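*Asks:* Supplied in structure tokens, the structure appears directly below.
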Amino acid sequence: MRDGRPAGGAPVVEAGLLARCRFPPAGTPLVCAVSGGADSLALLALAVAAGCRATAAHVDHGLRAGSAAEADVVEAAARRLGAGFAAHRVAVAPGANLEARARDARRAVLPPGTATGHTADDQAETIIVNLLRGAGLDGLAGMRPGPAKPILALRRHETRALCGQLGLVPLDDPTNRDPAFVRNRVRHEVIPLLDEVAGAPIPLARRAVRRWLAAGVDHPPAAADVERVLVVAAGEAVACEIAGGRRVRRTAGRLVLDP
């Protein structure tokens with residue numbers, strides 16, 4: 001492992017984006033798992049902007065040629081953002097259950113409470129994967145928002161946009177496109193297919209909207225708010241206001257939640 005403290009300054013990010021995150025109070029030390037992808041780089045930038053004493057922790061699994069150099073990219077980004085940096089190398093042999101074994105290896109070297117860059121897109125994928133594996137109702141719970149998953153209310157397109165705004169160039173991990181992994185097939189095949197299928201039955205749509213609105217907040221949405229969002233989803237309104245001063249709008253065929 002190697003580590004160092006930063007020389008950079010805190011990034012300037014949109015206040016509305018930060019308001020949807022669940023970081024611990026300013027001044028709190030926070031280790032962020034940073035692979036170098038857009039989600040994890042955005043996680044690090046937002047953690048610094050939230051005032052956390054953030055450290056980017058990069059784990060090299062040694063599975064790809066040149067993977068060791070990715071730590072240098074993450075270190076440069078950490079210094080630019082004003083975060084600390086720590087690098088870890090683990091040995092994960094190719095073979096069955098690679099995803100699970102790599103995850104276990106990461107957890108073994110990262111401290112408890114390490115923040116990860118899981119987004120609302122990851123949440124949707126997780127629920128679908130859980131259902132495919134027969135998890136039943138428990139699988140519908142998904143991941144819980146909080147300091148360990150502080151950007152769970154953000155969308156993947158928002159993390160990419162933030163990296164672009166800050167001049168950060170995310171690393172491209174080719175394993176994220178490998179159809180050998182179930183999550184990748186869900187991401188690149190199942191979810192796009194679901195997007196093309198006609199509207200969901202109203203009870204299922206209500207449940208999906210309720211879960212979406214509840215991400216990152218302390219109280220479940222009111223039934224009236226869910227119905228307003230469904231009207232926007234159906235294209236019968238451009239936008240609507242919901243509790244907490246938030247606003248839901250439809251753009252490019254997608255619903256966007258503004259704080």
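Numbering starts fresh at 1 for the residues of each chain in the structure tokens, the chains themselves are lettered A, B, ... in the order given, and ligands are numbered from 1 as they appear.
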Within 12 Å of range 251-256 of chain A, counting only C-alpha atoms, which residues show up once you throw out same-chain ones fewer than 6 positions away? Write them as a ChimeraX atom specification, please.
*Replies:* /A:17,120,153-155,157-158,195-196,209,212-213,229-235,237-241
*Asks:* Write the selection just made, keeping N, CA and C atoms, as a PDB file, in the first residue's frame?
*Replies:*
```
ATOM      1  N   LEU A  17     -27.050  18.797  -6.615  1.00  0.00           N
ATOM      2  CA  LEU A  17     -26.514  17.441  -6.729  1.00  0.00           C
ATOM      3  C   LEU A  17     -26.035  16.957  -5.366  1.00  0.00           C
ATOM      4  N   ALA A 120     -28.317   5.100  -8.473  1.00  0.00           N
ATOM      5  CA  ALA A 120     -29.674   4.584  -8.640  1.00  0.00           C
ATOM      6  C   ALA A 120     -29.727   3.534  -9.743  1.00  0.00           C
ATOM      7  N   ALA A 153     -28.807   8.077  -4.676  1.00  0.00           N
ATOM      8  CA  ALA A 153     -29.941   8.772  -5.288  1.00  0.00           C
ATOM      9  C   ALA A 153     -29.581   9.402  -6.628  1.00  0.00           C
ATOM     10  N   LEU A 154     -28.313   9.340  -7.012  1.00  0.00           N
ATOM     11  CA  LEU A 154     -27.891   9.939  -8.277  1.00  0.00           C
ATOM     12  C   LEU A 154     -27.970   8.921  -9.409  1.00  0.00           C
ATOM     13  N   ARG A 155     -28.068   9.422 -10.624  1.00  0.00           N
ATOM     14  CA  ARG A 155     -28.086   8.572 -11.810  1.00  0.00           C
ATOM     15  C   ARG A 155     -26.693   8.506 -12.420  1.00  0.00           C
ATOM     16  N   HIS A 157     -25.817   8.873 -15.486  1.00  0.00           N
ATOM     17  CA  HIS A 157     -25.533   9.961 -16.430  1.00  0.00           C
ATOM     18  C   HIS A 157     -25.120  11.231 -15.689  1.00  0.00           C
ATOM     19  N   GLU A 158     -25.547  11.360 -14.432  1.00  0.00           N
ATOM     20  CA  GLU A 158     -25.156  12.532 -13.648  1.00  0.00           C
ATOM     21  C   GLU A 158     -23.708  12.441 -13.182  1.00  0.00           C
ATOM     22  N   ASP A 195     -36.884  -0.895 -21.087  1.00  0.00           N
ATOM     23  CA  ASP A 195     -37.184   0.469 -21.533  1.00  0.00           C
ATOM     24  C   ASP A 195     -38.072   0.478 -22.772  1.00  0.00           C
ATOM     25  N   GLU A 196     -37.937  -0.568 -23.597  1.00  0.00           N
ATOM     26  CA  GLU A 196     -38.697  -0.618 -24.847  1.00  0.00           C
ATOM     27  C   GLU A 196     -40.099  -1.193 -24.662  1.00  0.00           C
ATOM     28  N   VAL A 209     -42.163   3.950  -8.635  1.00  0.00           N
ATOM     29  CA  VAL A 209     -42.036   5.388  -8.383  1.00  0.00           C
ATOM     30  C   VAL A 209     -41.831   5.657  -6.900  1.00  0.00           C
ATOM     31  N   TRP A 212     -38.311   4.918  -6.016  1.00  0.00           N
ATOM     32  CA  TRP A 212     -37.413   5.913  -6.607  1.00  0.00           C
ATOM     33  C   TRP A 212     -37.434   7.200  -5.805  1.00  0.00           C
ATOM     34  N   LEU A 213     -38.615   7.656  -5.420  1.00  0.00           N
ATOM     35  CA  LEU A 213     -38.724   8.900  -4.664  1.00  0.00           C
ATOM     36  C   LEU A 213     -38.175   8.754  -3.245  1.00  0.00           C
ATOM     37  N   VAL A 229     -46.313  12.116 -10.073  1.00  0.00           N
ATOM     38  CA  VAL A 229     -45.180  11.654 -10.880  1.00  0.00           C
ATOM     39  C   VAL A 229     -45.662  10.739 -12.001  1.00  0.00           C
ATOM     40  N   LEU A 230     -46.642   9.906 -11.730  1.00  0.00           N
ATOM     41  CA  LEU A 230     -47.175   9.020 -12.762  1.00  0.00           C
ATOM     42  C   LEU A 230     -47.795   9.814 -13.908  1.00  0.00           C
ATOM     43  N   VAL A 231     -48.390  10.951 -13.582  1.00  0.00           N
ATOM     44  CA  VAL A 231     -48.952  11.811 -14.624  1.00  0.00           C
ATOM     45  C   VAL A 231     -47.842  12.340 -15.527  1.00  0.00           C
ATOM     46  N   VAL A 232     -46.707  12.724 -14.917  1.00  0.00           N
ATOM     47  CA  VAL A 232     -45.562  13.192 -15.698  1.00  0.00           C
ATOM     48  C   VAL A 232     -44.997  12.048 -16.533  1.00  0.00           C
ATOM     49  N   ALA A 233     -44.889  10.860 -15.931  1.00  0.00           N
ATOM     50  CA  ALA A 233     -44.356   9.699 -16.645  1.00  0.00           C
ATOM     51  C   ALA A 233     -45.207   9.357 -17.853  1.00  0.00           C
ATOM     52  N   ALA A 234     -46.508   9.577 -17.741  1.00  0.00           N
ATOM     53  CA  ALA A 234     -47.420   9.262 -18.845  1.00  0.00           C
ATOM     54  C   ALA A 234     -47.401  10.318 -19.939  1.00  0.00           C
ATOM     55  N   GLY A 235     -46.658  11.390 -19.721  1.00  0.00           N
ATOM     56  CA  GLY A 235     -46.584  12.442 -20.722  1.00  0.00           C
ATOM     57  C   GLY A 235     -47.750  13.419 -20.680  1.00  0.00           C
ATOM     58  N   ALA A 237     -48.144  15.662 -18.301  1.00  0.00           N
ATOM     59  CA  ALA A 237     -47.635  16.917 -17.722  1.00  0.00           C
ATOM     60  C   ALA A 237     -46.135  16.947 -17.938  1.00  0.00           C
ATOM     61  N   VAL A 238     -45.591  18.149 -18.015  1.00  0.00           N
ATOM     62  CA  VAL A 238     -44.150  18.292 -18.235  1.00  0.00           C
ATOM     63  C   VAL A 238     -43.379  18.059 -16.957  1.00  0.00           C
ATOM     64  N   ALA A 239     -43.940  18.507 -15.833  1.00  0.00           N
ATOM     65  CA  ALA A 239     -43.254  18.394 -14.548  1.00  0.00           C
ATOM     66  C   ALA A 239     -44.279  18.515 -13.433  1.00  0.00           C
ATOM     67  N   CYS A 240     -43.840  18.211 -12.203  1.00  0.00           N
ATOM     68  CA  CYS A 240     -44.707  18.368 -11.042  1.00  0.00           C
ATOM     69  C   CYS A 240     -43.865  18.663  -9.813  1.00  0.00           C
ATOM     70  N   GLU A 241     -44.494  19.286  -8.822  1.00  0.00           N
ATOM     71  CA  GLU A 241     -43.841  19.553  -7.551  1.00  0.00           C
ATOM     72  C   GLU A 241     -44.255  18.480  -6.551  1.00  0.00           C
TER      73      GLU A 241
END
```
*Asks:* How would you write, as a list in words, the set of residues in range 13-50 of chain A that DSSP gives as alpha helix (DSSP H)?
*Replies:*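 These are the residues in question: Ala15, Gly16, Leu17, Leu18, Ala19, Ala38, Asp39, Ser40, Leu41, Ala42, Leu43, Leu44, Ala45, Leu46, Ala47, Val48 and Ala49 of chain A.
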*Asks:* Please indicate the distance in Å from CA of Thr126 in chain A to CA of Pro145 in chain A, rounded to one decimal place.
*Replies:*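 Straight-line distance from CA of Thr126 in chain A to CA of Pro145 in chain A works out to 13.5 Å.
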*Asks:* Name all residues at most 12 Å from Gly244 in chain A (count only C-alpha atoms; drop same-chain ones fewer than 6 positions away) and give them as a PyMOL selection string.
*Replies:* chain A and resi 19-20+213-214+217-222+225+257-259
*Asks:* So which residues touch Lys149 in chain A within 7 Å, counting only C-alpha atoms, skipping near sequence neighbours fewer than 3 positions away, as a short mmCIF file (atom, residue, chain, number, x, y, z; two decimals) with C-alpha atoms, in the first residue's frame?
*Replies:*
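Contents of around-v6.cif, freshly written:
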```
data_model
loop_
_atom_site.label_atom_id
_atom_site.label_comp_id
_atom_site.auth_asym_id
_atom_site.auth_seq_id
_atom_site.Cartn_x
_atom_site.Cartn_y
_atom_site.Cartn_z
CA ALA A 115 -18.00 4.58 0.79
CA THR A 116 -18.79 3.16 -2.64
CA GLY A 117 -20.03 4.89 -5.79
CA HIS A 118 -23.24 2.91 -6.25
CA PRO A 145 -28.67 4.72 1.29
CA GLY A 146 -26.32 6.22 3.85
CA LEU A 152 -27.36 6.14 -4.29
#
```
*Asks:* What's the 12 Å shell around Gly142 in chain A, counting only C-alpha atoms, without same-chain residues fewer than 2 positions away, as a PyMOL selection string?
*Replies:* chain A and resi 118-131+135-140+144-145+149+152+211-212+215
*Asks:* Do you have the CA of Val226 in chain A-CA of Pro203 in chain A distance handy?
*Replies:* 11.1 Å
*Asks:* Which polymer residues have any atom within 8 Å of an atom of Ala105 in chain A, counting only C-alpha atoms, with same-chain residues fewer than 6 positions away left out, as a VMD selection string?
*Replies:* chain A and resid 90 to 92
*Asks:* I need the chosen residues saved as a PDB file, in the first residue's frame, with N, CA and C atoms.
*Replies:*
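Dumped everything to part.pdb:
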```
ATOM      1  N   VAL A  90      -4.332  -6.818  -4.522  1.00  0.00           N
ATOM      2  CA  VAL A  90      -4.771  -8.126  -4.043  1.00  0.00           C
ATOM      3  C   VAL A  90      -4.597  -9.133  -5.166  1.00  0.00           C
ATOM      4  N   ALA A  91      -4.571 -10.389  -4.818  1.00  0.00           N
ATOM      5  CA  ALA A  91      -4.425 -11.454  -5.812  1.00  0.00           C
ATOM      6  C   ALA A  91      -5.765 -12.168  -5.973  1.00  0.00           C
ATOM      7  N   VAL A  92      -6.339 -12.056  -7.168  1.00  0.00           N
ATOM      8  CA  VAL A  92      -7.595 -12.737  -7.480  1.00  0.00           C
ATOM      9  C   VAL A  92      -7.378 -13.525  -8.765  1.00  0.00           C
TER      10      VAL A  92
END
```
*Asks:* Excluding range 78-86 of chain A and any residue of its chain fewer than 6 positions from it, enumerate the residues within 12 Å of it, using only C-alpha atoms, and give them as number ranges by chain.
*Replies:* A: 1-13, 29-36, 40-60, 71-72, 109-111, 163, 166-168
*Asks:* What is the CA of Gly245 in chain A-CA of Gln165 in chain A distance in Å, reported with one decimal?
*Replies:*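 We find that CA of Gly245 in chain A and CA of Gln165 in chain A lie 25.8 Å from each other.
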